[in-house]
Amino acid sequence: MMISAQAYGGNGKVKEYHYTGPVEHKFSPYAFNGGTVLAVAGEDFALVASDTRLSEGYSIHSRDSPKCYKLTDTTVIGCSGFHGDCLTLTKIIEARLKMYKHSNNKSMTSGAIAAMLSTILYGRRFFPYYVYNIIGGLDEEGRGAVYSFDPVGSYQRDTYKAGGSASAMLQPLLDNQIGFKNMENVEQLPLSQEKAVQLVKDVFISAAERDVYTGDALKICIITKEGVREEIVPLRKD
Amino acid sequence: MALQDVCGLHNPPLFPQWTAPLSRSFMPEDSTHLSGGGIHGEAFSTRLPGRGGLSPLEFYMPIAEYLTESPINFGQTSLSSAPTKLLEIDHLYPSLPSISLPPPTPCPISPSVPLPFTLSHGTTTLGFAFQGGVIAAADTRSSCSGLVACPASPKVLPIHSHLVGTTSGTSADCALWKRILSRELRLYQLRHHRRLSTGGAAKLLSHMLHPFKGTELCVAATLCGWDGDDEKHEQPFTEKHANTPTNQMTASDSSGQSAAIVRSCSRICGPRVIYVCSDGLRLQGELFSVGSGSPYAYSILDSSVYWGMSVQEATAVAREAVYRATYRDAYSGNNVDLYHVTAKGWRRRERENLKEEYYREKERERKRVAERNAEKKAVLKSDD
C-alpha cells in the first residue's frame, strides 16, 4: 500500500496529483504484491485456487507466479500479500514439516499444520508476516477442510474463504452461492466437485474484471484422497 | 548492604544478552524448572527473557527484546525447543533450531512501523455471576476496519472444564494467550493436583501480559469460572433449580437470607467473574461487559441481573443483552454464543443466529401494533 501511504501530505489532506511541498518518505519494510487466493471445502475434496499475477504499485512483475504451494499430499496452502514474506513463510513451513516427518515418522495433518502456522505467525507478533494465508486440505476423516488466517495467526476452520486483494468482492459471492446465506426457500444441496470447480472459475473471472491486482491466469489445486491435481485457466491479462 | 542484595545490584548487568538476541545460553537449565508454588514469584522472573536474575527494581524494559522474542516461548521450560507441543523438550536434540524466531536484526524495528493492514477488533462480550453459576455470552462478528473478516468467530473460549474466558481486542492475541493460559493452568493442575482458582488464573494471565504493556498487544478478557473443591466442603447454596441435591443444602425461606449465606460462602468457592486487560487491569466483580457494544449490553444487564435469578432468566437476559448490543453497534453482530458454568463444568448453548430474532421481534411488534389499533377501534366504537 505504498501508493496510499504517499497519498496523504503533511497536513493530512488528500494531496492533489501535482502536489508540491514537503512530504515525509519513510522506508517501509512491507510491499503489497497483490493476488487473490480462494479455498473451498467439500464432502470429500478441497480446492485451493489463486491467480498468478505478481504486481507492485502500477507494474506487473510477473504473470506466472502462482500463490498456491503444495505442502503434503493432502494439504495445499495459498499465501497472498507481500511476496517476500510468502516465500520465507513457505520455506519455514516446509522445513518444519520435514522435521516433523523425521521425528514422528508421519506427515502432518491439515489441522496440525494450521495450528503450527498459527504459532509461527504469532511468533512475529510485533513485526508480522504480511501474508494472508488460507490452508485447504483433507482432515483425518477424509472430509474437506479450509483454515483461514489473519496476518498474526488468528485462525479458524471454515467451509470456504477468499483472501487477498479481491477478497472483499469474492467473499460475499461465496457466502451466497456456497453458504446459501440470505436466501429464502432454497434447497441446500451439498457442493459437488465439478460444480465447485466451475464456480471457482466463474468467481475468478469476475474478480479479474474488477480488481486490478487479479488476473493473467488462474491455478486451481484439487485435493482428493488420490492426491493433488492442478488445473490452469487463463484470465484477463490487462 | 541488604537492599543491594535484595535488588541484585551486584550482578553484572545482562547487557550482552541484549546485543546478542539469540544466544539462549545464558538461561541456566535449573532456573527454568518450575518449583511448586510461586507462580508469580521467582519462577516468573527467571522465565522472563532478558530478566533472568534481574530484580523487579530494574525497570528498564528493552522494547527490542520483545520484537525479537517470540511471545510463544514465554513460560516454556526449554527455550531451545520450538513452541509447539509437537517438538517437546528434547535433551537428545539440543541442536533443534527454533525456526519460529526471526534472525537477529542489526537495528531492531521500532514499534512505530505502521502496519499496512488492520487487525480484528470490535465486539460485545459479557459475563456475570448469579446463584446458579456464571453466564458468559458474546457475539460472533470479527471485523477489520469496516470489513467483516469472519461472521462466525468463537469469542468465548473454554480454558478448562470449569473456566471459560470471553475475548475482546485483537483476535489473534486473545486466541494465542488463551492457549498459553490453558497450557499453564494444565501444568499447574498436574503439578499441584488441584485446579487453579479463577482468581489465580486471572492473576497468572495478568502477570503474563505485563511484560507486553505498552506494545500493541490488545487483550481484554473476562474469566468466568466456578471455583470449588468438591471433596473438601460442599457448597451450601440454595439453588432454585438444582439438578442434583447437594448434601448440605440449607433450606431457607426468604431469598434475601439465602443470598446473605451464599455471599459469605462465595468468597471461597462458587461462581467468579474477573476482568483482565492487557493494560494491567485486573478486577473482580459480579457483572462485566467488554467491547464496543458493551454500553448497550450494560443497560440491559444492570436493569435485569440480580443474584437470585434462575438459569432460564439469566440465559434470556444474556441473550437479550447481546442482541440489543448487536442491534445498535455496527461492529457486533451475526450470532450469539452462550456458555453456562456450574459446579459440574461448562455447558454450551446452541449458537443462535440473531437475524431470526430480528424478524421474530418485527413480527411481534407488528402484532402488537395491530392489537392496539383494534383496541382503539373498539374503544371508539363503544363511545359512539
# chains A, B, ... in the order shown; residues from 1 in each chain; ligands from 1
>>> interface_residues(of="chain A", to="chain B", cutoff="10 Å", atoms="only C-alpha atoms", output="VMD selection string")
chain A and resid 1 to 2 4 to 5 26 to 32 89 92 to 93 95 to 96 99 to 100 103 to 104 112 115 to 128 130 148 to 158 161 163 167 to 168 171 182
>>> write_last_selection(atoms="N, CA and C atoms", output="compact mmCIF listing (two decimals), in the first residue's frame")
# COMPACT_ATOMS: atom_id res chain seq x y z
N MET A 1 0.84 -1.21 0.00
CA MET A 1 0.00 0.00 0.00
C MET A 1 0.87 1.24 0.00
N MET A 2 2.01 1.18 -0.72
CA MET A 2 2.91 2.34 -0.66
C MET A 2 2.25 3.55 -1.34
N SER A 4 -0.93 4.35 -1.30
CA SER A 4 -1.88 5.04 -0.43
C SER A 4 -1.15 5.77 0.68
N ALA A 5 0.04 5.28 1.07
CA ALA A 5 0.76 5.97 2.15
C ALA A 5 1.21 7.33 1.68
N LYS A 26 9.20 7.51 4.26
CA LYS A 26 9.79 6.62 5.27
C LYS A 26 9.95 5.25 4.65
N PHE A 27 11.01 4.59 4.97
CA PHE A 27 11.20 3.25 4.45
C PHE A 27 10.21 2.29 5.11
N SER A 28 9.47 1.59 4.30
CA SER A 28 8.58 0.60 4.86
C SER A 28 9.09 -0.78 4.47
N PRO A 29 9.22 -1.65 5.42
CA PRO A 29 9.73 -2.98 5.09
C PRO A 29 8.72 -3.83 4.34
N TYR A 30 7.50 -3.34 4.20
CA TYR A 30 6.47 -4.13 3.54
C TYR A 30 6.19 -3.58 2.15
N ALA A 31 5.71 -4.46 1.28
CA ALA A 31 5.20 -4.04 -0.02
C ALA A 31 3.97 -4.90 -0.28
N PHE A 32 3.11 -4.41 -1.11
CA PHE A 32 1.92 -5.20 -1.39
C PHE A 32 2.01 -5.73 -2.80
N LEU A 89 7.86 -17.61 4.55
CA LEU A 89 6.92 -18.38 5.36
C LEU A 89 6.78 -19.80 4.84
N ILE A 92 9.77 -21.83 5.76
CA ILE A 92 9.75 -22.22 7.16
C ILE A 92 8.78 -23.37 7.38
N ILE A 93 7.60 -23.28 6.77
CA ILE A 93 6.61 -24.35 6.95
C ILE A 93 7.14 -25.65 6.40
N ALA A 95 10.21 -26.59 6.07
CA ALA A 95 11.26 -27.12 6.95
C ALA A 95 10.64 -27.78 8.18
N ARG A 96 9.65 -27.12 8.76
CA ARG A 96 9.00 -27.70 9.95
C ARG A 96 8.30 -29.01 9.62
N MET A 99 10.91 -31.67 9.54
CA MET A 99 11.35 -32.02 10.90
C MET A 99 10.34 -32.92 11.57
N TYR A 100 9.07 -32.57 11.39
CA TYR A 100 8.01 -33.39 11.99
C TYR A 100 8.04 -34.79 11.42
N SER A 103 10.94 -36.75 12.86
CA SER A 103 10.89 -37.18 14.27
C SER A 103 9.66 -37.99 14.60
N ASN A 104 8.57 -37.84 13.84
CA ASN A 104 7.35 -38.59 14.18
C ASN A 104 7.00 -39.67 13.18
N ALA A 112 -3.12 -30.01 12.13
CA ALA A 112 -1.86 -29.77 12.83
C ALA A 112 -1.06 -28.68 12.13
N ALA A 115 -2.54 -25.36 13.13
CA ALA A 115 -2.17 -24.93 14.48
C ALA A 115 -0.72 -24.47 14.52
N MET A 116 0.14 -25.20 13.78
CA MET A 116 1.55 -24.81 13.77
C MET A 116 1.75 -23.45 13.10
N LEU A 117 1.04 -23.23 12.00
CA LEU A 117 1.16 -21.95 11.30
C LEU A 117 0.70 -20.80 12.19
N SER A 118 -0.32 -21.05 13.00
CA SER A 118 -0.79 -20.01 13.91
C SER A 118 0.31 -19.58 14.87
N THR A 119 1.05 -20.54 15.40
CA THR A 119 2.11 -20.18 16.34
C THR A 119 3.30 -19.56 15.61
N ILE A 120 3.57 -20.00 14.39
CA ILE A 120 4.66 -19.37 13.63
C ILE A 120 4.34 -17.90 13.38
N LEU A 121 3.10 -17.64 12.98
CA LEU A 121 2.72 -16.26 12.68
C LEU A 121 2.73 -15.42 13.95
N TYR A 122 2.25 -15.97 15.05
CA TYR A 122 2.20 -15.18 16.27
C TYR A 122 3.59 -14.94 16.84
N GLY A 123 4.53 -15.80 16.49
CA GLY A 123 5.90 -15.59 16.94
C GLY A 123 6.46 -14.27 16.44
N ARG A 124 5.89 -13.77 15.38
CA ARG A 124 6.31 -12.48 14.85
C ARG A 124 5.21 -11.45 15.10
N ARG A 125 4.67 -11.44 16.32
CA ARG A 125 3.54 -10.58 16.61
C ARG A 125 3.91 -9.11 16.43
N PHE A 126 5.16 -8.74 16.71
CA PHE A 126 5.49 -7.31 16.68
C PHE A 126 6.21 -6.89 15.41
N PHE A 127 6.33 -7.80 14.48
CA PHE A 127 6.86 -7.44 13.16
C PHE A 127 6.29 -8.49 12.23
N PRO A 128 4.99 -8.43 11.98
CA PRO A 128 4.29 -9.59 11.41
C PRO A 128 4.70 -9.92 9.98
N TYR A 130 3.49 -10.20 6.50
CA TYR A 130 2.36 -9.56 5.83
C TYR A 130 1.83 -10.55 4.79
N SER A 148 -8.56 -20.53 7.60
CA SER A 148 -8.18 -19.19 7.15
C SER A 148 -7.50 -18.45 8.29
N PHE A 149 -6.50 -17.64 7.93
CA PHE A 149 -5.66 -16.96 8.92
C PHE A 149 -5.67 -15.47 8.70
N ASP A 150 -5.38 -14.75 9.77
CA ASP A 150 -5.06 -13.32 9.58
C ASP A 150 -3.55 -13.19 9.73
N PRO A 151 -2.97 -12.02 9.43
CA PRO A 151 -1.50 -11.97 9.40
C PRO A 151 -0.81 -12.28 10.72
N VAL A 152 -1.51 -12.20 11.85
CA VAL A 152 -0.81 -12.50 13.11
C VAL A 152 -1.21 -13.82 13.71
N GLY A 153 -1.94 -14.67 12.99
CA GLY A 153 -2.08 -16.03 13.49
C GLY A 153 -3.43 -16.43 14.01
N SER A 154 -4.41 -15.52 13.99
CA SER A 154 -5.74 -15.92 14.41
C SER A 154 -6.35 -16.79 13.32
N TYR A 155 -6.87 -17.96 13.65
CA TYR A 155 -7.37 -18.82 12.58
C TYR A 155 -8.60 -19.57 13.03
N GLN A 156 -9.33 -20.05 12.05
CA GLN A 156 -10.42 -20.96 12.34
C GLN A 156 -10.78 -21.75 11.11
N ARG A 157 -11.50 -22.81 11.36
CA ARG A 157 -11.88 -23.70 10.26
C ARG A 157 -13.16 -23.18 9.61
N ASP A 158 -13.14 -23.15 8.27
CA ASP A 158 -14.31 -22.68 7.52
C ASP A 158 -14.69 -23.70 6.47
N LYS A 161 -13.42 -19.70 1.90
CA LYS A 161 -12.84 -18.41 2.30
C LYS A 161 -12.07 -17.84 1.15
N GLY A 163 -9.20 -14.78 0.22
CA GLY A 163 -8.25 -13.87 0.85
C GLY A 163 -7.45 -13.15 -0.20
N SER A 167 -10.60 -10.16 -2.03
CA SER A 167 -11.37 -10.97 -1.10
C SER A 167 -12.70 -10.32 -0.75
N ALA A 168 -12.70 -8.98 -0.64
CA ALA A 168 -13.94 -8.30 -0.26
C ALA A 168 -15.00 -8.44 -1.34
N GLN A 171 -15.82 -12.81 -1.29
CA GLN A 171 -16.41 -13.47 -0.12
C GLN A 171 -17.93 -13.37 -0.10
N ASN A 182 -28.74 -15.62 3.39
CA ASN A 182 -29.71 -14.61 3.00
C ASN A 182 -30.53 -15.01 1.79
>>> residues_around(residues="range 74-83 of chain A", least_positions_apart="5", cutoff="9 Å", atoms="only C-alpha atoms", output="PDB file with N, CA, C and O atoms, in the first residue's frame")
ATOM      1  N   TYR A  30       7.499  -3.337   4.201  1.00  0.00           N
ATOM      2  CA  TYR A  30       6.467  -4.128   3.535  1.00  0.00           C
ATOM      3  C   TYR A  30       6.191  -3.581   2.152  1.00  0.00           C
ATOM      4  O   TYR A  30       6.373  -2.409   1.875  1.00  0.00           O
ATOM      5  N   ALA A  31       5.707  -4.458   1.283  1.00  0.00           N
ATOM      6  CA  ALA A  31       5.195  -4.040  -0.018  1.00  0.00           C
ATOM      7  C   ALA A  31       3.974  -4.899  -0.285  1.00  0.00           C
ATOM      8  O   ALA A  31       3.840  -5.975   0.301  1.00  0.00           O
ATOM      9  N   PHE A  32       3.110  -4.412  -1.111  1.00  0.00           N
ATOM     10  CA  PHE A  32       1.918  -5.199  -1.389  1.00  0.00           C
ATOM     11  C   PHE A  32       2.007  -5.726  -2.803  1.00  0.00           C
ATOM     12  O   PHE A  32       2.080  -4.945  -3.752  1.00  0.00           O
ATOM     13  N   ASN A  33       2.040  -7.039  -2.951  1.00  0.00           N
ATOM     14  CA  ASN A  33       2.221  -7.632  -4.270  1.00  0.00           C
ATOM     15  C   ASN A  33       0.947  -8.187  -4.862  1.00  0.00           C
ATOM     16  O   ASN A  33       0.987  -8.906  -5.857  1.00  0.00           O
ATOM     17  N   GLY A  34      -0.182  -7.929  -4.281  1.00  0.00           N
ATOM     18  CA  GLY A  34      -1.445  -8.289  -4.888  1.00  0.00           C
ATOM     19  C   GLY A  34      -1.717  -9.780  -4.901  1.00  0.00           C
ATOM     20  O   GLY A  34      -1.025 -10.568  -4.280  1.00  0.00           O
ATOM     21  N   GLY A  35      -2.762 -10.140  -5.613  1.00  0.00           N
ATOM     22  CA  GLY A  35      -3.102 -11.548  -5.740  1.00  0.00           C
ATOM     23  C   GLY A  35      -4.264 -11.922  -4.862  1.00  0.00           C
ATOM     24  O   GLY A  35      -4.465 -11.351  -3.798  1.00  0.00           O
ATOM     25  N   THR A  36      -5.000 -12.884  -5.329  1.00  0.00           N
ATOM     26  CA  THR A  36      -6.172 -13.359  -4.600  1.00  0.00           C
ATOM     27  C   THR A  36      -6.089 -14.869  -4.433  1.00  0.00           C
ATOM     28  O   THR A  36      -5.649 -15.570  -5.348  1.00  0.00           O
ATOM     29  N   VAL A  37      -6.507 -15.343  -3.278  1.00  0.00           N
ATOM     30  CA  VAL A  37      -6.500 -16.777  -3.006  1.00  0.00           C
ATOM     31  C   VAL A  37      -7.891 -17.174  -2.539  1.00  0.00           C
ATOM     32  O   VAL A  37      -8.575 -16.394  -1.883  1.00  0.00           O
ATOM     33  N   LEU A  38      -8.283 -18.389  -2.868  1.00  0.00           N
ATOM     34  CA  LEU A  38      -9.617 -18.848  -2.506  1.00  0.00           C
ATOM     35  C   LEU A  38      -9.536 -20.325  -2.157  1.00  0.00           C
ATOM     36  O   LEU A  38      -8.786 -21.055  -2.785  1.00  0.00           O
ATOM     37  N   ALA A  39     -10.294 -20.752  -1.176  1.00  0.00           N
ATOM     38  CA  ALA A  39     -10.324 -22.181  -0.869  1.00  0.00           C
ATOM     39  C   ALA A  39     -11.751 -22.591  -0.557  1.00  0.00           C
ATOM     40  O   ALA A  39     -12.502 -21.843   0.065  1.00  0.00           O
ATOM     41  N   ALA A  46     -11.151 -30.834  -1.502  1.00  0.00           N
ATOM     42  CA  ALA A  46     -10.923 -29.427  -1.161  1.00  0.00           C
ATOM     43  C   ALA A  46     -10.289 -28.771  -2.365  1.00  0.00           C
ATOM     44  O   ALA A  46      -9.556 -29.405  -3.118  1.00  0.00           O
ATOM     45  N   LEU A  47     -10.582 -27.491  -2.559  1.00  0.00           N
ATOM     46  CA  LEU A  47      -9.991 -26.746  -3.666  1.00  0.00           C
ATOM     47  C   LEU A  47      -9.222 -25.571  -3.100  1.00  0.00           C
ATOM     48  O   LEU A  47      -9.700 -24.899  -2.198  1.00  0.00           O
ATOM     49  N   VAL A  48      -8.039 -25.322  -3.652  1.00  0.00           N
ATOM     50  CA  VAL A  48      -7.338 -24.080  -3.350  1.00  0.00           C
ATOM     51  C   VAL A  48      -6.995 -23.460  -4.690  1.00  0.00           C
ATOM     52  O   VAL A  48      -6.376 -24.101  -5.533  1.00  0.00           O
ATOM     53  N   ALA A  49      -7.424 -22.217  -4.883  1.00  0.00           N
ATOM     54  CA  ALA A  49      -7.216 -21.569  -6.176  1.00  0.00           C
ATOM     55  C   ALA A  49      -6.560 -20.218  -5.963  1.00  0.00           C
ATOM     56  O   ALA A  49      -6.811 -19.551  -4.959  1.00  0.00           O
ATOM     57  N   SER A  50      -5.716 -19.824  -6.897  1.00  0.00           N
ATOM     58  CA  SER A  50      -5.124 -18.493  -6.800  1.00  0.00           C
ATOM     59  C   SER A  50      -4.869 -17.977  -8.200  1.00  0.00           C
ATOM     60  O   SER A  50      -4.726 -18.750  -9.143  1.00  0.00           O
ATOM     61  N   LEU A  54       1.800 -11.217 -10.248  1.00  0.00           N
ATOM     62  CA  LEU A  54       2.606 -10.610  -9.187  1.00  0.00           C
ATOM     63  C   LEU A  54       2.808  -9.149  -9.554  1.00  0.00           C
ATOM     64  O   LEU A  54       3.457  -8.839 -10.536  1.00  0.00           O
ATOM     65  N   PRO A  66       2.283 -18.311  -9.269  1.00  0.00           N
ATOM     66  CA  PRO A  66       1.105 -18.797  -8.545  1.00  0.00           C
ATOM     67  C   PRO A  66       1.300 -18.711  -7.043  1.00  0.00           C
ATOM     68  O   PRO A  66       2.424 -18.722  -6.550  1.00  0.00           O
ATOM     69  N   LYS A  67       0.205 -18.623  -6.344  1.00  0.00           N
ATOM     70  CA  LYS A  67       0.282 -18.431  -4.902  1.00  0.00           C
ATOM     71  C   LYS A  67      -0.152 -19.655  -4.107  1.00  0.00           C
ATOM     72  O   LYS A  67      -0.304 -19.558  -2.882  1.00  0.00           O
ATOM     73  N   CYS A  68      -0.351 -20.778  -4.790  1.00  0.00           N
ATOM     74  CA  CYS A  68      -0.660 -21.998  -4.043  1.00  0.00           C
ATOM     75  C   CYS A  68       0.630 -22.800  -3.916  1.00  0.00           C
ATOM     76  O   CYS A  68       1.365 -22.961  -4.880  1.00  0.00           O
ATOM     77  N   TYR A  69       0.877 -23.340  -2.740  1.00  0.00           N
ATOM     78  CA  TYR A  69       2.068 -24.154  -2.526  1.00  0.00           C
ATOM     79  C   TYR A  69       1.626 -25.476  -1.941  1.00  0.00           C
ATOM     80  O   TYR A  69       0.895 -25.521  -0.942  1.00  0.00           O
ATOM     81  N   THR A  88       9.385 -16.718   2.404  1.00  0.00           N
ATOM     82  CA  THR A  88      10.036 -17.131   3.650  1.00  0.00           C
ATOM     83  C   THR A  88       9.111 -18.004   4.486  1.00  0.00           C
ATOM     84  O   THR A  88       9.525 -19.011   5.057  1.00  0.00           O
ATOM     85  N   LEU A  89       7.857 -17.608   4.545  1.00  0.00           N
ATOM     86  CA  LEU A  89       6.925 -18.381   5.365  1.00  0.00           C
ATOM     87  C   LEU A  89       6.778 -19.799   4.840  1.00  0.00           C
ATOM     88  O   LEU A  89       6.774 -20.767   5.610  1.00  0.00           O
ATOM     89  N   THR A  90       6.664 -19.955   3.519  1.00  0.00           N
ATOM     90  CA  THR A  90       6.520 -21.305   2.981  1.00  0.00           C
ATOM     91  C   THR A  90       7.793 -22.111   3.201  1.00  0.00           C
ATOM     92  O   THR A  90       7.727 -23.322   3.483  1.00  0.00           O
ATOM     93  N   THR A 109      -1.008 -33.624   9.708  1.00  0.00           N
ATOM     94  CA  THR A 109      -2.384 -33.495   9.221  1.00  0.00           C
ATOM     95  C   THR A 109      -2.692 -32.023   8.984  1.00  0.00           C
ATOM     96  O   THR A 109      -1.979 -31.137   9.469  1.00  0.00           O
ATOM     97  N   SER A 110      -3.781 -31.771   8.250  1.00  0.00           N
ATOM     98  CA  SER A 110      -4.136 -30.379   7.930  1.00  0.00           C
ATOM     99  C   SER A 110      -4.371 -29.569   9.187  1.00  0.00           C
ATOM    100  O   SER A 110      -3.915 -28.423   9.309  1.00  0.00           O
ATOM    101  N   ILE A 113      -1.067 -28.702  10.793  1.00  0.00           N
ATOM    102  CA  ILE A 113      -0.355 -27.654  10.059  1.00  0.00           C
ATOM    103  C   ILE A 113      -0.968 -26.295  10.382  1.00  0.00           C
ATOM    104  O   ILE A 113      -0.253 -25.299  10.573  1.00  0.00           O
ATOM    105  N   TYR A 129       4.448 -11.167   9.620  1.00  0.00           N
ATOM    106  CA  TYR A 129       4.494 -11.551   8.219  1.00  0.00           C
ATOM    107  C   TYR A 129       3.278 -10.930   7.563  1.00  0.00           C
ATOM    108  O   TYR A 129       2.157 -11.163   7.989  1.00  0.00           O
ATOM    109  N   TYR A 130       3.488 -10.199   6.504  1.00  0.00           N
ATOM    110  CA  TYR A 130       2.361  -9.559   5.827  1.00  0.00           C
ATOM    111  C   TYR A 130       1.831 -10.551   4.794  1.00  0.00           C
ATOM    112  O   TYR A 130       2.052 -10.408   3.595  1.00  0.00           O
ATOM    113  N   VAL A 131       1.186 -11.584   5.280  1.00  0.00           N
ATOM    114  CA  VAL A 131       0.689 -12.651   4.408  1.00  0.00           C
ATOM    115  C   VAL A 131      -0.705 -13.018   4.867  1.00  0.00           C
ATOM    116  O   VAL A 131      -0.944 -13.168   6.063  1.00  0.00           O
ATOM    117  N   TYR A 132      -1.610 -13.165   3.921  1.00  0.00           N
ATOM    118  CA  TYR A 132      -2.935 -13.691   4.222  1.00  0.00           C
ATOM    119  C   TYR A 132      -2.947 -15.148   3.773  1.00  0.00           C
ATOM    120  O   TYR A 132      -2.852 -15.426   2.589  1.00  0.00           O
ATOM    121  N   ASN A 133      -3.020 -16.045   4.728  1.00  0.00           N
ATOM    122  CA  ASN A 133      -2.923 -17.468   4.412  1.00  0.00           C
ATOM    123  C   ASN A 133      -4.276 -18.135   4.407  1.00  0.00           C
ATOM    124  O   ASN A 133      -5.140 -17.798   5.205  1.00  0.00           O
ATOM    125  N   ILE A 134      -4.417 -19.104   3.519  1.00  0.00           N
ATOM    126  CA  ILE A 134      -5.581 -19.986   3.582  1.00  0.00           C
ATOM    127  C   ILE A 134      -5.067 -21.398   3.301  1.00  0.00           C
ATOM    128  O   ILE A 134      -4.397 -21.625   2.298  1.00  0.00           O
ATOM    129  N   ILE A 135      -5.369 -22.304   4.192  1.00  0.00           N
ATOM    130  CA  ILE A 135      -4.945 -23.696   4.016  1.00  0.00           C
ATOM    131  C   ILE A 135      -6.155 -24.504   3.581  1.00  0.00           C
ATOM    132  O   ILE A 135      -7.233 -24.384   4.173  1.00  0.00           O
ATOM    133  N   GLY A 136      -5.975 -25.324   2.548  1.00  0.00           N
ATOM    134  CA  GLY A 136      -7.057 -26.215   2.140  1.00  0.00           C
ATOM    135  C   GLY A 136      -6.542 -27.632   2.139  1.00  0.00           C
ATOM    136  O   GLY A 136      -5.411 -27.879   1.712  1.00  0.00           O
ATOM    137  N   GLY A 137      -7.339 -28.552   2.628  1.00  0.00           N
ATOM    138  CA  GLY A 137      -6.882 -29.932   2.618  1.00  0.00           C
ATOM    139  C   GLY A 137      -7.948 -30.873   3.111  1.00  0.00           C
ATOM    140  O   GLY A 137      -9.113 -30.490   3.279  1.00  0.00           O
ATOM    141  N   LEU A 138      -7.536 -32.106   3.358  1.00  0.00           N
ATOM    142  CA  LEU A 138      -8.450 -33.115   3.867  1.00  0.00           C
ATOM    143  C   LEU A 138      -8.107 -33.384   5.319  1.00  0.00           C
ATOM    144  O   LEU A 138      -6.939 -33.476   5.681  1.00  0.00           O
ATOM    145  N   ASP A 139      -9.121 -33.508   6.163  1.00  0.00           N
ATOM    146  CA  ASP A 139      -8.833 -33.805   7.561  1.00  0.00           C
ATOM    147  C   ASP A 139      -8.657 -35.320   7.726  1.00  0.00           C
ATOM    148  O   ASP A 139      -8.649 -36.070   6.757  1.00  0.00           O
ATOM    149  N   GLY A 163      -9.204 -14.777   0.224  1.00  0.00           N
ATOM    150  CA  GLY A 163      -8.248 -13.875   0.851  1.00  0.00           C
ATOM    151  C   GLY A 163      -7.449 -13.150  -0.203  1.00  0.00           C
ATOM    152  O   GLY A 163      -7.343 -13.610  -1.338  1.00  0.00           O
ATOM    153  N   GLY A 164      -6.888 -12.008   0.160  1.00  0.00           N
ATOM    154  CA  GLY A 164      -6.079 -11.278  -0.796  1.00  0.00           C
ATOM    155  C   GLY A 164      -6.772 -10.025  -1.274  1.00  0.00           C
ATOM    156  O   GLY A 164      -7.696  -9.524  -0.642  1.00  0.00           O
ATOM    157  N   SER A 165      -6.341  -9.504  -2.431  1.00  0.00           N
ATOM    158  CA  SER A 165      -6.801  -8.175  -2.835  1.00  0.00           C
ATOM    159  C   SER A 165      -8.271  -8.159  -3.213  1.00  0.00           C
ATOM    160  O   SER A 165      -8.968  -7.192  -2.939  1.00  0.00           O
ATOM    161  N   CYS A 221      -5.860 -25.989  -7.426  1.00  0.00           N
ATOM    162  CA  CYS A 221      -5.352 -27.270  -6.918  1.00  0.00           C
ATOM    163  C   CYS A 221      -6.530 -28.021  -6.316  1.00  0.00           C
ATOM    164  O   CYS A 221      -7.183 -27.512  -5.406  1.00  0.00           O
ATOM    165  N   ILE A 223      -7.742 -31.180  -4.264  1.00  0.00           N
ATOM    166  CA  ILE A 223      -7.177 -32.162  -3.335  1.00  0.00           C
ATOM    167  C   ILE A 223      -8.226 -33.219  -3.048  1.00  0.00           C
ATOM    168  O   ILE A 223      -9.306 -32.915  -2.523  1.00  0.00           O
ATOM    169  N   THR A 224      -7.920 -34.443  -3.410  1.00  0.00           N
ATOM    170  CA  THR A 224      -8.792 -35.564  -3.076  1.00  0.00           C
ATOM    171  C   THR A 224      -7.927 -36.639  -2.456  1.00  0.00           C
ATOM    172  O   THR A 224      -6.707 -36.471  -2.352  1.00  0.00           O
ATOM    173  N   LYS A 225      -8.537 -37.754  -2.112  1.00  0.00           N
ATOM    174  CA  LYS A 225      -7.716 -38.784  -1.469  1.00  0.00           C
ATOM    175  C   LYS A 225      -6.733 -39.400  -2.459  1.00  0.00           C
ATOM    176  O   LYS A 225      -5.774 -40.055  -2.057  1.00  0.00           O
ATOM    177  N   GLU A 226      -6.944 -39.157  -3.759  1.00  0.00           N
ATOM    178  CA  GLU A 226      -5.955 -39.641  -4.724  1.00  0.00           C
ATOM    179  C   GLU A 226      -4.722 -38.763  -4.770  1.00  0.00           C
ATOM    180  O   GLU A 226      -3.707 -39.174  -5.320  1.00  0.00           O
ATOM    181  N   GLY A 227      -4.837 -37.541  -4.265  1.00  0.00           N
ATOM    182  CA  GLY A 227      -3.681 -36.651  -4.312  1.00  0.00           C
ATOM    183  C   GLY A 227      -4.097 -35.264  -4.750  1.00  0.00           C
ATOM    184  O   GLY A 227      -5.254 -34.863  -4.626  1.00  0.00           O
ATOM    185  N   VAL A 228      -3.146 -34.511  -5.248  1.00  0.00           N
ATOM    186  CA  VAL A 228      -3.394 -33.115  -5.625  1.00  0.00           C
ATOM    187  C   VAL A 228      -3.317 -32.996  -7.140  1.00  0.00           C
ATOM    188  O   VAL A 228      -2.320 -33.367  -7.748  1.00  0.00           O
TER     189      VAL A 228
END
>>> select_by_dssp(residues="range 109-144 of chain A", states="helix (DSSP H, G or I)", output="list in words")
Ser110, Gly111, Ala112, Ile113, Ala114, Ala115, Met116, Leu117, Ser118, Thr119, Ile120, Leu121 and Tyr122 of chain A
>>> closest_residue(among="B:Leu301, B:Tyr331, B:Arg324, B:Lys344", to="Glu361 in chain B", atoms="only C-alpha atoms")
B:Arg324
>>> closest_residue(among="B:Ser382, B:Thr167, B:Ser292, B:Ser303", to="Ala138 in chain B", atoms="only C-alpha atoms")
B:Thr167
>>> atom_distance(atom1="CA of Ala374 in chain B", atom2="CA of Tyr359 in chain B")
22.5 Å
>>> select_by_dssp(residues="range 4-230 of chain A", states="strand (DSSP E)", output="PyMOL selection string")
chain A and resi 36-41+46-51+54-56+59-62+68-72+75-81+131-138+144-149+155-158+160-164+217-224+227-230
>>> atom_distance(atom1="CA of Ser65 in chain A", atom2="CA of Thr214 in chain A")
11.7 Å
>>> residues_around(residues="Val156 in chain B", least_positions_apart="4", cutoff="9 Å", atoms="only C-alpha atoms", output="list in words")
Thr125, Ala136, Ala137, Ala138, Asp139, Val164, Gly165, Thr166, Thr167, Asp337, Leu338 and Tyr339 of chain B
>>> residues_around(residues="Ala196 in chain A", least_positions_apart="6", cutoff="9 Å", atoms="only C-alpha atoms", output="ChimeraX atom specification")
/A:40,42,47,178
